[in-house]
Number of protein chains: 2
Amino acid sequence: MSRKVKVFIATSLDGYIAKPNEDLSFLKIVEKEGEDYGYAEFTATIDTILLGRKTYDWVQREIGSSHYDNGEREVYVITRTKRPNVGRTTFYSASLPDLIAELKSKSGKDIYCDGGAEVITELLKNDLIDEFIISMIPILVGDGTRLFKDGRPEQTLELISTKQFDKGLVQLYYRRVKE
Amino acid sequence: MSRKVKVFIATSLDGYIAKPNEDLSFLKIVEKEGEDYGYAEFTATIDTILLGRKTYDWVQREIGSSHYDNGEREVYVITRTKRPNVGRTTFYSASLPDLIAELKSKSGKDIYCDGGAEVITELLKNDLIDEFIISMIPILVGDGTRLFKDGRPEQTLELISTKQFDKGLVQLYYRRVKE
């Protein structure tokens, strides 16, 4: 079985992954001591991370450089402007479908796309996301960056599971239905 | 306890209530003999329906005139252009907050807003929706009419329940948190 491309992401009920100005403060309403909403379990299934340059820069600045590149995983940052590679982090500016094909041709664990919305849209336009784990935060934020942009092809999904957590977070797990 | 304004609506996972050209065909993927996804139970809690003029005209054309006005319920169609009332259906073109205040000042069952997105947005801008029952259809439709438009105020919600159904529909039930 080939490696899967998976999205694991939180959105508000109205579909935003961030409020304007990259404001993620609404995620705080589901914070709970000792509850990681399956993140550790999920990251144990992956060995490669794919993300957009803006998301990468934001995380470098706000969280730190080892969040993605912990020395054990390959990290691919999708960017229009090439930068020199750092550690196991590769800045990639060629075709995203080619990169996925190349990664899938190798053996390994699954591939985690951590956003942003632009990279997810590009993957969806090429039907390249195999699984979605979406954590729905119990809030309408009203405005911001949408997880799903307009103008993508239709894609039928299969619901694998639903989990409801104490703080009102609902985690929806879907698999792509192959035509 | 005063009457509540409730939304009971289906959306694709990517947040659309219709594909372009009012195409609702994606709802077919969850159709199942004898399964109404709680609709009858829900409508037993309401005696008043509020909806936009475009949704009303669409339903009149596609489903028939008795879908909303069954002789037992009050129906309010929000429209910019006044029409003569028909049966228990009132065409309403004044302030939506005033209408809600008037309805809430009377005793009765709850009030069901059946869309469309414009009326829901107008209600949300005025913090007038008390409960949301959202049925998430397992599909990314890619484009169309969004349930939640940009440019609304933030609103915190409380998750009441989650139900998962055979065909992959997930029903999320939220209540408005009053500040």
# chains A, B, ... in the order shown; residues from 1 in each chain; ligands from 1
call {"tool": "interface_residues", "arguments": {"of": "chain B", "to": "chain A", "cutoff": "10 Å", "atoms": "only C-alpha atoms", "output": "ChimeraX atom specification"}}
result
/B:12-16,19,26,29,121,124-125,134,136-170,172,174-177
call {"tool": "write_last_selection", "arguments": {"atoms": "N, CA and C atoms", "output": "short mmCIF file (atom, residue, chain, number, x, y, z; two decimals), in the first residue's frame"}}
result
data_model
loop_
_atom_site.label_atom_id
_atom_site.label_comp_id
_atom_site.auth_asym_id
_atom_site.auth_seq_id
_atom_site.Cartn_x
_atom_site.Cartn_y
_atom_site.Cartn_z
N SER B 12 -21.94 20.67 2.58
CA SER B 12 -20.79 19.83 2.25
C SER B 12 -19.70 20.08 3.29
N LEU B 13 -18.74 19.15 3.38
CA LEU B 13 -17.65 19.36 4.34
C LEU B 13 -16.92 20.68 4.07
N ASP B 14 -16.86 21.09 2.80
CA ASP B 14 -16.19 22.37 2.50
C ASP B 14 -17.11 23.58 2.65
N GLY B 15 -18.29 23.39 3.22
CA GLY B 15 -19.08 24.54 3.66
C GLY B 15 -20.09 25.12 2.70
N TYR B 16 -20.46 24.36 1.67
CA TYR B 16 -21.43 24.88 0.70
C TYR B 16 -22.81 24.26 0.92
N LYS B 19 -24.27 23.81 -4.83
CA LYS B 19 -23.26 24.01 -5.88
C LYS B 19 -23.74 25.17 -6.76
N PHE B 26 -25.85 16.94 -4.65
CA PHE B 26 -24.94 16.22 -3.74
C PHE B 26 -25.65 15.70 -2.49
N ILE B 29 -26.35 11.76 -2.04
CA ILE B 29 -25.43 10.71 -1.56
C ILE B 29 -25.76 10.24 -0.14
N THR B 121 -26.82 34.98 7.20
CA THR B 121 -25.78 35.98 7.44
C THR B 121 -26.34 37.20 8.17
N LEU B 124 -26.95 36.28 11.69
CA LEU B 124 -25.69 36.15 12.44
C LEU B 124 -25.08 37.51 12.73
N LYS B 125 -25.22 38.43 11.78
CA LYS B 125 -24.67 39.78 12.00
C LYS B 125 -25.36 40.45 13.18
N ILE B 134 -26.36 21.29 12.10
CA ILE B 134 -25.71 21.28 10.79
C ILE B 134 -25.39 19.84 10.41
N MET B 136 -23.42 17.54 8.06
CA MET B 136 -22.24 17.62 7.21
C MET B 136 -22.24 16.44 6.24
N ILE B 137 -22.31 16.76 4.97
CA ILE B 137 -22.37 15.72 3.92
C ILE B 137 -20.92 15.36 3.54
N PRO B 138 -20.61 14.06 3.41
CA PRO B 138 -19.23 13.65 3.16
C PRO B 138 -18.78 13.88 1.72
N ILE B 139 -18.62 15.14 1.38
CA ILE B 139 -18.17 15.49 0.04
C ILE B 139 -17.55 16.88 0.08
N LEU B 140 -16.56 17.09 -0.78
CA LEU B 140 -16.08 18.43 -1.07
C LEU B 140 -16.70 18.79 -2.41
N VAL B 141 -17.58 19.77 -2.44
CA VAL B 141 -18.21 20.09 -3.72
C VAL B 141 -17.37 21.07 -4.53
N GLY B 142 -16.51 21.83 -3.88
CA GLY B 142 -15.51 22.62 -4.61
C GLY B 142 -15.88 24.07 -4.88
N ASP B 143 -17.19 24.35 -4.95
CA ASP B 143 -17.61 25.71 -5.30
C ASP B 143 -19.12 25.84 -5.07
N GLY B 144 -19.61 27.04 -4.95
CA GLY B 144 -21.05 27.23 -4.82
C GLY B 144 -21.42 28.30 -3.81
N THR B 145 -22.57 28.10 -3.15
CA THR B 145 -23.07 29.05 -2.16
C THR B 145 -22.65 28.60 -0.78
N ARG B 146 -21.88 29.44 -0.11
CA ARG B 146 -21.41 29.09 1.23
C ARG B 146 -22.48 29.33 2.28
N LEU B 147 -22.54 28.43 3.27
CA LEU B 147 -23.41 28.65 4.42
C LEU B 147 -22.95 29.89 5.18
N PHE B 148 -21.64 29.98 5.42
CA PHE B 148 -21.11 31.09 6.22
C PHE B 148 -20.32 32.04 5.33
N LYS B 149 -20.86 33.21 5.12
CA LYS B 149 -20.17 34.22 4.33
C LYS B 149 -19.13 34.94 5.19
N ASP B 150 -18.16 35.56 4.54
CA ASP B 150 -17.16 36.36 5.26
C ASP B 150 -17.82 37.58 5.90
N GLY B 151 -17.14 38.13 6.92
CA GLY B 151 -17.54 39.42 7.46
C GLY B 151 -18.67 39.37 8.47
N ARG B 152 -18.66 38.36 9.31
CA ARG B 152 -19.63 38.30 10.42
C ARG B 152 -18.89 38.49 11.75
N PRO B 153 -19.61 38.81 12.81
CA PRO B 153 -18.93 38.92 14.11
C PRO B 153 -18.57 37.54 14.65
N GLU B 154 -17.59 37.49 15.54
CA GLU B 154 -17.24 36.23 16.19
C GLU B 154 -18.36 35.81 17.14
N GLN B 155 -18.58 34.51 17.22
CA GLN B 155 -19.63 33.99 18.10
C GLN B 155 -19.21 32.64 18.66
N THR B 156 -19.10 32.56 19.98
CA THR B 156 -18.70 31.29 20.61
C THR B 156 -19.91 30.38 20.72
N LEU B 157 -19.68 29.09 20.50
CA LEU B 157 -20.77 28.12 20.53
C LEU B 157 -20.49 27.05 21.58
N GLU B 158 -21.55 26.39 21.97
CA GLU B 158 -21.43 25.22 22.85
C GLU B 158 -21.91 24.01 22.07
N LEU B 159 -21.09 22.97 22.02
CA LEU B 159 -21.50 21.74 21.32
C LEU B 159 -22.49 20.99 22.20
N ILE B 160 -23.65 20.69 21.66
CA ILE B 160 -24.64 19.92 22.41
C ILE B 160 -24.50 18.43 22.11
N SER B 161 -24.41 18.08 20.83
CA SER B 161 -24.29 16.66 20.48
C SER B 161 -23.74 16.48 19.08
N THR B 162 -23.27 15.29 18.83
CA THR B 162 -22.80 14.88 17.50
C THR B 162 -23.48 13.54 17.19
N LYS B 163 -24.01 13.41 16.00
CA LYS B 163 -24.56 12.11 15.60
C LYS B 163 -23.94 11.71 14.27
N GLN B 164 -23.55 10.45 14.22
CA GLN B 164 -22.97 9.92 12.99
C GLN B 164 -23.96 8.92 12.39
N PHE B 165 -24.21 9.05 11.08
CA PHE B 165 -25.19 8.18 10.41
C PHE B 165 -24.48 7.28 9.40
N ASP B 166 -25.21 6.20 9.06
CA ASP B 166 -24.72 5.20 8.10
C ASP B 166 -24.07 5.72 6.82
N LYS B 167 -24.71 6.67 6.18
CA LYS B 167 -24.24 7.13 4.88
C LYS B 167 -23.10 8.13 5.00
N GLY B 168 -22.59 8.33 6.23
CA GLY B 168 -21.46 9.22 6.40
C GLY B 168 -21.84 10.64 6.75
N LEU B 169 -23.14 10.89 6.93
CA LEU B 169 -23.56 12.22 7.37
C LEU B 169 -23.26 12.36 8.86
N VAL B 170 -22.71 13.51 9.23
CA VAL B 170 -22.48 13.84 10.64
C VAL B 170 -23.35 15.04 10.98
N LEU B 172 -24.11 17.94 13.57
CA LEU B 172 -23.50 18.70 14.66
C LEU B 172 -24.54 19.67 15.22
N TYR B 174 -25.16 22.70 17.87
CA TYR B 174 -24.53 23.74 18.68
C TYR B 174 -25.58 24.72 19.22
N ARG B 175 -25.25 25.26 20.38
CA ARG B 175 -26.07 26.31 20.97
C ARG B 175 -25.22 27.57 21.10
N ARG B 176 -25.81 28.69 20.87
CA ARG B 176 -25.17 29.98 21.08
C ARG B 176 -24.80 30.16 22.55
N VAL B 177 -23.58 30.65 22.82
CA VAL B 177 -23.21 30.98 24.18
C VAL B 177 -23.51 32.46 24.38
#
call {"tool": "residues_around", "arguments": {"residues": "Glu62 (chain A)", "least_positions_apart": "5", "cutoff": "12 Å", "atoms": "only C-alpha atoms", "output": "list in words"}}
result
Glu22, Asp23, Leu24, Thr55, Tyr56, Asp57 and His67 of chain A
call {"tool": "select_by_dssp", "arguments": {"residues": "region 81-175 of chain B", "states": "helix (DSSP H, G or I)", "output": "list of chain:residue names"}}
result
B:Leu96, B:Pro97, B:Asp98, B:Leu99, B:Ile100, B:Ala101, B:Glu102, B:Leu103, B:Lys104, B:Ser105, B:Ala117, B:Glu118, B:Val119, B:Ile120, B:Thr121, B:Glu122, B:Leu123, B:Leu124, B:Lys125
call {"tool": "residues_around", "arguments": {"residues": "Ser93 (chain A)", "least_positions_apart": "6", "cutoff": "9 Å", "atoms": "only C-alpha atoms", "output": "list in words"}}
result
Val77, Ile78, Thr79, Arg80, Thr81 and Lys82 of chain A
